[in-house]
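Q: Sharing run.txt, compact mmCIF, C-alpha atoms:
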```txt
# COMPACT_ATOMS: atom_id res chain seq x y z
CA MET O 182 19.76 -7.38 -9.43
CA MET O 183 18.46 -4.12 -10.86
CA ALA O 184 15.08 -2.62 -11.70
CA GLY O 185 14.12 -5.41 -14.10
CA SER O 186 13.52 -7.86 -11.26
CA ILE O 187 11.26 -5.45 -9.42
CA HIS O 188 9.32 -4.78 -12.62
CA TRP O 189 8.95 -8.50 -13.30
CA MET O 190 7.66 -9.15 -9.80
CA LEU O 191 5.23 -6.23 -9.91
CA ALA O 192 3.88 -7.44 -13.24
CA PHE O 193 3.48 -10.89 -11.68
CA VAL O 194 1.48 -9.39 -8.83
CA LEU O 195 -0.75 -7.48 -11.26
CA THR O 196 -1.52 -10.71 -13.11
CA SER O 197 -2.33 -12.45 -9.83
CA VAL O 198 -4.62 -9.65 -8.67
CA ASP O 199 -6.50 -9.84 -11.96
CA HIS O 200 -7.15 -13.52 -11.24
CA ILE O 201 -8.58 -12.62 -7.84
CA MET O 202 -10.89 -10.06 -9.45
CA VAL O 203 -12.30 -12.68 -11.81
CA ILE O 204 -12.76 -15.53 -9.33
CA GLY O 205 -14.00 -13.64 -6.24
CA PHE O 206 -14.74 -15.00 -2.77
CA ALA O 207 -15.63 -18.55 -1.79
CA GLN O 208 -16.12 -20.67 1.30
CA GLU O 209 -13.10 -22.13 3.10
CA GLU O 210 -13.78 -23.70 6.48
CA SER O 211 -10.17 -23.77 7.65
CA LEU O 212 -10.23 -20.03 8.39
CA SER O 213 -13.69 -19.84 9.86
CA GLY O 214 -12.22 -18.95 13.24
CA THR O 215 -10.73 -15.65 12.07
CA THR O 216 -12.36 -12.80 13.96
CA ALA O 217 -10.65 -9.62 12.83
CA ASN O 218 -8.42 -8.00 10.25
CA HIS O 219 -4.82 -8.54 11.27
CA PRO O 220 -2.79 -5.33 11.46
CA SER O 221 0.22 -4.97 9.22
CA ARG O 222 3.35 -6.23 10.95
CA ALA O 223 5.35 -3.30 9.63
CA LEU O 224 2.89 -0.74 10.95
CA MET O 225 2.87 -2.43 14.36
CA ARG O 226 6.67 -2.31 14.52
CA ARG O 227 6.69 1.39 13.70
CA SER O 228 4.31 2.43 16.50
CA ILE O 229 7.28 3.24 18.74
CA GLY O 230 8.60 6.71 17.97
CA SER O 231 5.47 7.89 16.18
CA ASN O 232 5.30 11.01 18.36
CA ASP O 233 8.68 12.11 17.04
CA VAL O 234 7.40 11.81 13.49
CA LEU O 235 4.27 13.81 14.29
CA VAL O 236 6.32 16.65 15.74
CA GLN O 237 8.06 17.02 12.40
CA TYR O 238 4.68 17.18 10.63
CA GLN O 239 3.08 19.31 13.34
CA ASP O 240 1.35 21.72 10.96
CA ALA O 241 -0.70 18.94 9.35
CA SER O 242 -3.14 18.59 12.27
CA THR O 243 -4.36 22.17 11.99
CA GLU O 244 -4.82 21.91 8.23
CA ILE O 245 -6.90 18.75 8.25
CA ALA O 246 -9.22 19.50 11.17
CA VAL O 247 -11.99 20.54 8.75
CA LEU O 248 -12.33 16.98 7.46
CA GLU O 249 -13.85 15.78 10.71
CA SER O 250 -17.40 16.32 9.45
CA GLN O 251 -16.91 13.81 6.60
CA SER O 252 -14.42 11.31 8.03
CA ALA O 253 -17.08 8.88 9.25
CA ARG O 254 -18.90 8.93 5.90
CA ILE O 255 -15.69 8.36 3.97
CA ALA O 256 -14.73 5.47 6.25
CA ALA O 257 -18.19 3.93 5.81
CA TYR O 258 -18.00 4.12 2.01
CA ILE O 259 -14.55 2.54 1.93
CA GLY O 260 -15.58 -0.19 4.39
CA ASN O 261 -18.61 -1.01 2.28
CA GLU O 262 -16.57 -1.18 -0.92
CA PHE O 263 -14.04 -3.57 0.59
CA GLN O 264 -16.76 -6.15 1.08
CA ASP O 265 -16.62 -6.56 -2.71
CA PRO O 266 -13.77 -8.78 -4.01
CA GLN O 267 -13.50 -6.70 -7.16
CA ALA O 268 -12.98 -3.55 -5.10
CA VAL O 269 -10.28 -5.23 -3.02
CA SER O 270 -8.59 -6.44 -6.19
CA ALA O 271 -8.84 -3.00 -7.77
CA ALA O 272 -7.26 -1.37 -4.71
CA LEU O 273 -4.32 -3.79 -4.71
CA ASN O 274 -4.00 -3.50 -8.47
CA SER O 275 -3.87 0.30 -8.29
CA ALA O 276 -1.37 0.21 -5.45
CA THR O 277 0.91 -2.08 -7.44
CA LEU O 278 0.72 0.21 -10.46
CA ALA O 279 1.52 3.20 -8.24
CA VAL O 280 4.64 1.46 -6.95
CA PHE O 281 5.56 0.48 -10.52
CA GLU O 282 5.42 4.13 -11.65
CA ALA O 283 7.43 5.28 -8.64
CA VAL O 284 10.14 2.67 -9.21
CA ASN O 285 10.38 3.69 -12.87
CA LEU O 286 11.13 7.24 -11.76
CA PHE O 287 13.50 6.14 -8.99
CA THR O 288 15.57 4.15 -11.49
CA SER O 289 15.43 6.58 -14.41
CA LEU O 290 18.81 7.04 -16.11
CA THR O 291 17.90 10.50 -17.38
CA GLY O 292 17.65 13.75 -15.44
CA ASP O 293 18.75 14.61 -11.92
CA PRO O 294 18.55 11.62 -9.51
CA ALA O 295 17.29 13.73 -6.60
CA THR O 296 14.55 15.21 -8.78
CA ASN O 297 13.58 11.76 -10.03
CA ILE O 298 13.29 10.44 -6.48
CA ALA O 299 11.14 13.39 -5.40
CA GLN O 300 8.95 12.98 -8.47
CA GLY O 301 8.61 9.26 -7.80
CA ILE O 302 7.41 9.87 -4.24
CA TYR O 303 4.99 12.56 -5.43
CA THR O 304 3.63 10.17 -8.07
CA LEU O 305 3.27 7.41 -5.48
CA GLY O 306 1.23 9.69 -3.24
CA VAL O 307 -1.01 10.95 -6.03
CA LYS O 308 -1.70 7.49 -7.45
CA LEU O 309 -2.44 5.94 -4.07
CA PHE O 310 -4.87 8.74 -3.29
CA GLU O 311 -6.61 8.26 -6.64
CA ALA O 312 -6.97 4.56 -5.84
CA VAL O 313 -9.01 5.46 -2.74
CA LYS O 314 -10.85 8.38 -4.31
CA VAL O 315 -12.56 6.20 -6.92
CA PHE O 316 -14.58 4.49 -4.17
CA LEU O 317 -16.15 7.76 -2.99
CA PRO O 318 -19.16 9.65 -4.40
CA SER O 319 -18.76 13.05 -6.01
CA ASN O 320 -20.74 14.81 -3.28
CA ILE O 321 -17.77 14.05 -0.99
CA THR O 322 -14.82 14.36 -3.38
CA SER O 323 -16.02 17.72 -4.76
CA THR O 324 -15.98 19.48 -1.38
CA SER O 325 -13.31 21.91 -0.20
CA GLU O 326 -12.77 19.74 2.90
CA PHE O 327 -11.85 16.77 0.72
CA ALA O 328 -9.54 18.96 -1.36
CA THR O 329 -7.75 19.91 1.86
CA PHE O 330 -7.45 16.25 2.78
CA GLU O 331 -5.91 15.52 -0.61
CA HIS O 332 -3.48 18.42 -0.19
CA VAL O 333 -2.31 17.18 3.22
CA TRP O 334 -2.01 13.61 1.87
CA THR O 335 0.24 14.58 -1.05
CA SER O 336 2.18 17.13 1.01
CA THR O 337 2.96 14.48 3.61
CA PHE O 338 4.35 12.18 0.91
CA ASN O 339 6.47 15.04 -0.44
CA ARG O 340 7.85 15.92 2.99
CA SER O 341 8.82 12.35 3.80
CA LEU O 342 12.21 12.98 2.20
CA GLU O 343 12.89 15.83 4.61
CA VAL O 344 11.73 13.90 7.67
CA THR O 345 13.49 10.63 6.81
CA PRO O 346 16.76 11.17 4.87
CA THR O 347 17.40 7.43 4.78
CA ILE O 348 14.70 7.14 2.11
CA THR O 349 16.88 8.91 -0.44
CA ALA O 350 19.99 7.10 0.78
CA ASN O 351 18.33 3.69 0.37
CA ILE O 352 17.03 4.46 -3.11
CA ILE O 353 20.45 5.69 -4.27
CA ALA O 354 22.09 2.64 -2.71
CA TYR O 355 19.61 0.43 -4.56
CA GLN O 356 20.48 2.18 -7.83
CA GLU O 357 24.16 1.51 -7.22
CA THR O 358 24.02 -2.03 -5.85
CA GLY O 359 20.77 -3.51 -7.09
CA GLN O 360 20.01 -4.75 -3.55
CA THR O 361 16.23 -4.90 -3.66
CA SER O 362 15.81 -4.89 0.10
CA LEU O 363 17.00 -1.27 0.10
CA LEU O 364 14.26 -0.26 -2.31
CA ILE O 365 11.61 -2.12 -0.31
CA GLN O 366 12.86 -0.42 2.88
CA ALA O 367 12.59 2.98 1.24
CA LEU O 368 9.04 2.36 0.03
CA GLU O 369 7.97 0.97 3.41
CA SER O 370 9.49 3.97 5.20
CA ILE O 371 7.50 6.37 3.04
CA LEU O 372 4.23 4.57 3.70
CA ILE O 373 4.86 4.15 7.42
CA GLU O 374 5.69 7.83 7.94
CA VAL O 375 2.64 8.97 5.96
CA ASN O 376 0.41 6.50 7.81
CA ILE O 377 1.51 7.89 11.18
CA VAL O 378 0.62 11.43 10.14
CA ILE O 379 -2.67 10.78 8.36
CA THR O 380 -4.07 8.45 11.02
CA ALA O 381 -3.24 11.03 13.69
CA VAL O 382 -5.06 13.91 12.05
CA VAL O 383 -8.32 12.29 10.92
CA SER O 384 -11.11 10.62 12.86
CA PRO O 385 -10.46 7.15 14.34
CA GLU O 386 -12.88 5.60 11.82
CA LEU O 387 -11.07 7.00 8.81
CA GLY O 388 -7.67 6.50 10.40
CA ALA O 389 -8.40 2.79 10.72
CA LYS O 390 -9.19 2.55 7.00
CA VAL O 391 -6.02 4.44 6.06
CA GLN O 392 -3.98 2.09 8.24
CA GLN O 393 -5.59 -0.96 6.64
CA TYR O 394 -4.81 0.40 3.19
CA PHE O 395 -1.18 1.27 3.90
CA GLY O 396 -0.75 -1.93 5.88
CA ALA O 397 -1.95 -3.94 2.88
CA ILE O 398 0.54 -2.21 0.58
CA ILE O 399 3.39 -2.75 3.03
CA ASP O 400 2.54 -6.44 3.42
CA LEU O 401 2.39 -6.74 -0.37
CA LEU O 402 5.80 -5.08 -0.68
CA GLY O 403 7.16 -7.39 2.01
CA GLY O 404 6.09 -10.40 0.00
CA ILE O 405 7.68 -8.97 -3.13
CA GLY O 406 10.94 -8.26 -1.31
CA ASP O 407 11.10 -11.74 0.22
CA GLY O 408 10.24 -13.25 -3.14
CA LEU O 409 13.03 -11.36 -4.89
CA ASP O 410 15.51 -12.55 -2.28
CA ALA O 411 14.46 -16.13 -3.00
CA MET O 412 14.72 -15.53 -6.74
CA GLN O 413 18.27 -14.21 -6.32
CA ASP O 414 19.07 -17.48 -4.55
CA GLY O 415 17.64 -19.39 -7.51
CA ASP O 416 14.62 -20.73 -5.62
CA ILE O 417 11.75 -19.84 -7.96
CA PRO O 418 9.07 -21.96 -6.22
CA LEU O 419 9.87 -20.26 -2.90
CA CYS O 420 9.85 -16.89 -4.67
CA VAL O 421 6.31 -17.49 -5.89
CA GLU O 422 5.18 -18.84 -2.51
CA LEU O 423 6.52 -15.79 -0.65
CA MET O 424 5.03 -13.39 -3.14
CA TYR O 425 1.61 -14.98 -2.77
CA GLY O 426 2.04 -14.92 0.99
CA GLY O 427 2.40 -11.16 0.77
CA LEU O 428 -0.60 -10.93 -1.52
CA ARG O 429 -2.65 -13.04 0.87
CA SER O 430 -1.66 -10.87 3.85
CA ALA O 431 -2.49 -7.73 1.89
CA THR O 432 -5.88 -9.13 0.99
CA ASP O 433 -6.60 -10.03 4.62
CA ASP O 434 -5.71 -6.48 5.65
CA LEU O 435 -8.56 -5.10 3.56
CA VAL O 436 -11.29 -7.70 3.97
CA PRO O 437 -13.82 -6.93 6.74
CA ALA O 438 -13.72 -9.27 9.72
CA HIS O 439 -17.26 -10.62 9.28
CA ILE O 440 -16.42 -11.76 5.75
CA GLN O 441 -13.23 -13.38 6.98
CA ASN O 442 -15.38 -15.35 9.41
CA ASP O 443 -17.43 -16.96 6.64
CA THR O 444 -15.47 -16.71 3.40
CA ILE O 445 -11.94 -16.57 2.06
CA TYR O 446 -10.22 -15.87 -1.20
CA VAL O 447 -10.13 -19.26 -2.83
CA ALA O 448 -8.75 -17.33 -5.82
CA VAL O 449 -5.48 -16.71 -4.00
CA THR O 450 -4.88 -20.36 -3.18
CA ALA O 451 -6.14 -21.47 -6.61
CA VAL O 452 -3.69 -19.24 -8.45
CA LEU O 453 -0.91 -20.19 -6.04
CA ASP O 454 -1.50 -23.92 -6.52
CA ALA O 455 -1.63 -23.51 -10.28
CA THR O 456 1.56 -21.48 -10.39
CA LEU O 457 3.54 -23.75 -8.07
CA GLY O 458 2.35 -26.77 -10.02
CA GLN O 459 3.86 -25.57 -13.29
```
Let me see the file written as structure tokens.
A:
Amino acid sequence: MMAGSIHWMLAFVLTSVDHIMVIGFAQEESLSGTTANHPSRALMRRSIGSNDVLVQYQDASTEIAVLESQSARIAAYIGNEFQDPQAVSAALNSATLAVFEAVNLFTSLTGDPATNIAQGIYTLGVKLFEAVKVFLPSNITSTSEFATFEHVWTSTFNRSLEVTPTITANIIAYQETGQTSLLIQALESILIEVNIVITAVVSPELGAKVQQYFGAIIDLLGGIGDGLDAMQDGDIPLCVELMYGGLRSATDDLVPAHIQNDTIYVAVTAVLDATLGQ
């Protein structure tokens, strides 16, 4: 199965996220016992060996030290925004579009494959940063400190190919075989490596928000990958169920714990029920 399946699934996710944006939050007693955002499973698995990754990005910590004075404010703004269902939906929507653009470049039939892969990763980094930047006021985003943060963010994405050669190998293998798990692995590897670096060089408050954001994208990708596997097996209902499971996990990654205590995304289950019922 080639790029068309990935594009179909991403478009499906975008449609689903739009439904969440319209419907919003609502009460659901069955999850009233939830007390905290669950960490991404993929990010938890990758905690071992993180020091080795940081050594390879060792210059980043000296570059980003100047952001310390604004990290807490940035984290507070992002945390406040993610109490709004439309903001959560917008973040997931933007992340899906960023992946869509990257996959288009990865699978381009024109130009040099290595250049296309590098451009796809650069585009992924830029678009994911823009998705966060829109939540912040201009008196933060216009500062030289924030410009340095943006530079380190995009540079870390660009250097992921050097640090983890398997990213290129998996993308090329996906191009040749159409095995979607290889593409998902490549995308997850990029995000995991960047997460390790960024969370290590900013304040704990901001690092936690970055980890939530990347964790949500990885959980979303995991649902897409599992869904595509089910679709290849001809099980469309399971495909949809797994995809919405990833979307639900991604949503939970971003929603503050005190909102999870009292409310849940009835939109997710509503859209899931409607889709599975067709």
Q: Would you mind reading off the distance between CA of Thr324 in chain O and CA of Leu435 in chain O, one decimal, in Å?
A: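 CA of Thr324 in chain O sits 26.1 Å away from CA of Leu435 in chain O.
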Q: Would you mind listing what lies within 8 Å of Thr349 in chain O as a VMD selection string, with only C-alpha atoms counted and same-chain residues fewer than 2 positions away left out?
A: chain O and resid 295 298 342 346 to 347 351 to 353 367
Q: Kindly export the residues of the current selection with C-alpha atoms, as a tab-separated table (two decimals), in the coordinates of the input.
A:
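And here's again_13.tsv as it stands now:
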```tsv
chain	number	residue	atom	x	y	z
O	295	ALA	CA	17.29	13.73	-6.60
O	298	ILE	CA	13.29	10.44	-6.48
O	342	LEU	CA	12.21	12.98	2.20
O	346	PRO	CA	16.76	11.17	4.87
O	347	THR	CA	17.40	7.43	4.78
O	351	ASN	CA	18.33	3.69	0.37
O	352	ILE	CA	17.03	4.46	-3.11
O	353	ILE	CA	20.45	5.69	-4.27
O	367	ALA	CA	12.59	2.98	1.24
```
Q: What does the structure give for the distance between CA of Val344 in chain O and CA of Ile373 in chain O, in Å to one decimal?
A: 11.9 Å
Q: Counting all atoms listed in the file, which residues of range 308-330 of chain O sit at most 8 Å from some atom of range 257-277 of chain O, and what is each one's closest atom pair with its distance in Å to one decimal, listed by chain and rising residue number, as JSON lines?
A:
```
{"residue": "O:Lys308", "atom": "CA", "partner": "O:Ala276", "partner_atom": "CA", "distance": 7.6}
{"residue": "O:Leu309", "atom": "CA", "partner": "O:Ala276", "partner_atom": "CA", "distance": 6.0}
{"residue": "O:Ala312", "atom": "CA", "partner": "O:Ser275", "partner_atom": "CA", "distance": 5.8}
{"residue": "O:Val313", "atom": "CA", "partner": "O:Ala272", "partner_atom": "CA", "distance": 7.3}
{"residue": "O:Phe316", "atom": "CA", "partner": "O:Ile259", "partner_atom": "CA", "distance": 6.4}
{"residue": "O:Leu317", "atom": "CA", "partner": "O:Tyr258", "partner_atom": "CA", "distance": 6.5}
```
Q: Just give me the residues with any atom within 12 Å of (-10.6, 8.1, 11.1), file coordinates, counting only C-alpha atoms, written as a count of residues only.
A: 31
Q: Can you list, as a compact mmCIF listing (two decimals) with C-alpha atoms, keeping the file's coordinate frame, every protein, DNA or RNA residue that comes within 10 Å of Glu369 in chain O when you count all atoms listed in the file, leaving out same-chain residues fewer than 4 positions away?
A:
```txt
# COMPACT_ATOMS: atom_id res chain seq x y z
CA ALA O 223 5.35 -3.30 9.63
CA LEU O 224 2.89 -0.74 10.95
CA ILE O 348 14.70 7.14 2.11
CA LEU O 363 17.00 -1.27 0.10
CA LEU O 364 14.26 -0.26 -2.31
CA ILE O 365 11.61 -2.12 -0.31
CA ILE O 373 4.86 4.15 7.42
CA GLU O 374 5.69 7.83 7.94
CA VAL O 375 2.64 8.97 5.96
CA PHE O 395 -1.18 1.27 3.90
CA GLY O 396 -0.75 -1.93 5.88
CA ILE O 398 0.54 -2.21 0.58
CA ILE O 399 3.39 -2.75 3.03
CA ASP O 400 2.54 -6.44 3.42
CA LEU O 402 5.80 -5.08 -0.68
CA GLY O 403 7.16 -7.39 2.01
```
Q: Please compute the CA of Ala299 in chain O-CA of Thr432 in chain O distance, one decimal, in Å.
A: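 Spanning CA of Ala299 in chain O to CA of Thr432 in chain O is a straight-line distance of 28.9 Å.
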Q: Looking at O:Gly427, O:Pro294, O:Gly408, O:Gly306, which one is nearest to Leu368 in chain O, with distances taken over all atoms listed in the file?
A: O:Gly306
Q: What box, with edges along x, y and z, holds each listed atom of range 381-384 of chain O when 4 Å is added on every side, and can you state its centre and edge lengths in Å to one decimal, as lines of an AutoDock Vina configuration file?
A:
```
center_x = -7.2
center_y = 12.3
center_z = 12.3
size_x = 15.9
size_y = 11.3
size_z = 10.8
```
Q: Could you tell me which of O:Pro318, O:Asp433, O:Leu290, O:Leu278 comes closest to Leu305 in chain O if we count all atoms listed in the file?
A: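 Under the stated criterion, the closest residue is O:Leu278.
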Q: Quick one: everything within 8 Å of Ser430 in chain O, counting all atoms listed in the file, minus sequence neighbours fewer than 4 positions away in the same chain. Send it as a list in words.
A: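 Answer for this query is Ala397, Asp400, Leu401, Gly426 and Asp434 of chain O.
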Q: With distances taken over all atoms listed in the file, which of O:Asn285, O:Thr291, O:Thr304, O:Thr322 is nearest to Ser336 in chain O?
A: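 Once distances to Ser336 in chain O are computed over all atoms listed in the file, the minimum belongs to O:Thr304.
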Q: Restricting the calculation to all atoms listed in the file: of O:Thr345, O:Gln356, O:Gln413, O:Thr329, which residue gets closest to Ile371 in chain O?
A: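 Going through O:Thr345, O:Gln356, O:Gln413, O:Thr329 one by one, the smallest distance to Ile371 in chain O is for O:Thr345.
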Q: Please output range 262-273 of chain O, rebuilt to include all heavy atoms, as an mmCIF file, in the coordinates of the input.
A:
```cif
data_model
loop_
_atom_site.group_PDB
_atom_site.id
_atom_site.type_symbol
_atom_site.label_atom_id
_atom_site.label_comp_id
_atom_site.auth_asym_id
_atom_site.auth_seq_id
_atom_site.Cartn_x
_atom_site.Cartn_y
_atom_site.Cartn_z
ATOM 1 N N GLU O 262 -17.168 -0.750 0.343
ATOM 2 C CA GLU O 262 -16.570 -1.180 -0.920
ATOM 3 C C GLU O 262 -15.686 -2.408 -0.733
ATOM 4 O O GLU O 262 -15.662 -3.300 -1.583
ATOM 5 C CB GLU O 262 -15.749 -0.035 -1.521
ATOM 6 C CG GLU O 262 -16.571 1.102 -2.098
ATOM 7 C CD GLU O 262 -17.333 0.695 -3.356
ATOM 8 O OE1 GLU O 262 -16.894 -0.227 -4.055
ATOM 9 O OE2 GLU O 262 -18.382 1.311 -3.632
ATOM 10 N N PHE O 263 -14.973 -2.469 0.388
ATOM 11 C CA PHE O 263 -14.040 -3.570 0.590
ATOM 12 C C PHE O 263 -14.722 -4.865 1.002
ATOM 13 O O PHE O 263 -14.060 -5.848 1.320
ATOM 14 C CB PHE O 263 -12.963 -3.172 1.599
ATOM 15 C CG PHE O 263 -11.917 -2.250 1.022
ATOM 16 C CD1 PHE O 263 -11.070 -1.540 1.835
ATOM 17 C CD2 PHE O 263 -11.794 -2.089 -0.351
ATOM 18 C CE1 PHE O 263 -10.111 -0.692 1.305
ATOM 19 C CE2 PHE O 263 -10.849 -1.246 -0.901
ATOM 20 C CZ PHE O 263 -10.003 -0.545 -0.061
ATOM 21 N N GLN O 264 -16.037 -4.889 0.975
ATOM 22 C CA GLN O 264 -16.760 -6.150 1.080
ATOM 23 C C GLN O 264 -16.912 -6.802 -0.291
ATOM 24 O O GLN O 264 -17.377 -7.942 -0.394
ATOM 25 C CB GLN O 264 -18.134 -5.918 1.707
ATOM 26 C CG GLN O 264 -18.065 -5.410 3.133
ATOM 27 C CD GLN O 264 -19.427 -5.321 3.790
ATOM 28 O OE1 GLN O 264 -20.167 -6.298 3.829
ATOM 29 N NE2 GLN O 264 -19.762 -4.156 4.304
ATOM 30 N N ASP O 265 -16.526 -6.084 -1.328
ATOM 31 C CA ASP O 265 -16.620 -6.560 -2.710
ATOM 32 C C ASP O 265 -15.239 -7.022 -3.161
ATOM 33 O O ASP O 265 -14.283 -6.249 -3.134
ATOM 34 C CB ASP O 265 -17.115 -5.412 -3.598
ATOM 35 C CG ASP O 265 -17.267 -5.819 -5.054
ATOM 36 O OD1 ASP O 265 -16.855 -6.935 -5.423
ATOM 37 O OD2 ASP O 265 -17.785 -5.003 -5.839
ATOM 38 N N PRO O 266 -15.091 -8.278 -3.592
ATOM 39 C CA PRO O 266 -13.770 -8.780 -4.010
ATOM 40 C C PRO O 266 -13.176 -7.992 -5.164
ATOM 41 O O PRO O 266 -11.965 -7.833 -5.257
ATOM 42 C CB PRO O 266 -14.049 -10.228 -4.413
ATOM 43 C CG PRO O 266 -15.514 -10.294 -4.663
ATOM 44 C CD PRO O 266 -16.133 -9.308 -3.729
ATOM 45 N N GLN O 267 -14.020 -7.478 -6.051
ATOM 46 C CA GLN O 267 -13.500 -6.700 -7.160
ATOM 47 C C GLN O 267 -12.907 -5.379 -6.680
ATOM 48 O O GLN O 267 -11.907 -4.903 -7.208
ATOM 49 C CB GLN O 267 -14.600 -6.443 -8.198
ATOM 50 C CG GLN O 267 -15.043 -7.706 -8.925
ATOM 51 C CD GLN O 267 -15.884 -7.394 -10.160
ATOM 52 O OE1 GLN O 267 -15.926 -6.261 -10.610
ATOM 53 N NE2 GLN O 267 -16.529 -8.404 -10.689
ATOM 54 N N ALA O 268 -13.510 -4.793 -5.647
ATOM 55 C CA ALA O 268 -12.980 -3.550 -5.100
ATOM 56 C C ALA O 268 -11.639 -3.791 -4.408
ATOM 57 O O ALA O 268 -10.700 -2.987 -4.546
ATOM 58 C CB ALA O 268 -13.980 -2.937 -4.122
ATOM 59 N N VAL O 269 -11.539 -4.883 -3.662
ATOM 60 C CA VAL O 269 -10.280 -5.230 -3.020
ATOM 61 C C VAL O 269 -9.202 -5.448 -4.065
ATOM 62 O O VAL O 269 -8.077 -4.949 -3.956
ATOM 63 C CB VAL O 269 -10.444 -6.480 -2.134
ATOM 64 C CG1 VAL O 269 -9.095 -6.950 -1.605
ATOM 65 C CG2 VAL O 269 -11.393 -6.190 -0.977
ATOM 66 N N SER O 270 -9.540 -6.191 -5.117
ATOM 67 C CA SER O 270 -8.590 -6.440 -6.190
ATOM 68 C C SER O 270 -8.176 -5.148 -6.879
ATOM 69 O O SER O 270 -7.008 -4.951 -7.192
ATOM 70 C CB SER O 270 -9.199 -7.406 -7.213
ATOM 71 O OG SER O 270 -9.493 -8.651 -6.635
ATOM 72 N N ALA O 271 -9.140 -4.274 -7.109
ATOM 73 C CA ALA O 271 -8.840 -3.000 -7.770
ATOM 74 C C ALA O 271 -7.900 -2.155 -6.920
ATOM 75 O O ALA O 271 -6.987 -1.501 -7.440
ATOM 76 C CB ALA O 271 -10.136 -2.242 -8.051
ATOM 77 N N ALA O 272 -8.117 -2.158 -5.602
ATOM 78 C CA ALA O 272 -7.260 -1.370 -4.710
ATOM 79 C C ALA O 272 -5.828 -1.894 -4.734
ATOM 80 O O ALA O 272 -4.867 -1.117 -4.821
ATOM 81 C CB ALA O 272 -7.822 -1.400 -3.293
ATOM 82 N N LEU O 273 -5.660 -3.213 -4.673
ATOM 83 C CA LEU O 273 -4.320 -3.790 -4.710
ATOM 84 C C LEU O 273 -3.677 -3.597 -6.072
ATOM 85 O O LEU O 273 -2.473 -3.346 -6.187
ATOM 86 C CB LEU O 273 -4.386 -5.277 -4.359
ATOM 87 C CG LEU O 273 -4.789 -5.600 -2.917
ATOM 88 C CD1 LEU O 273 -4.908 -7.114 -2.728
ATOM 89 C CD2 LEU O 273 -3.801 -5.020 -1.933
#
```
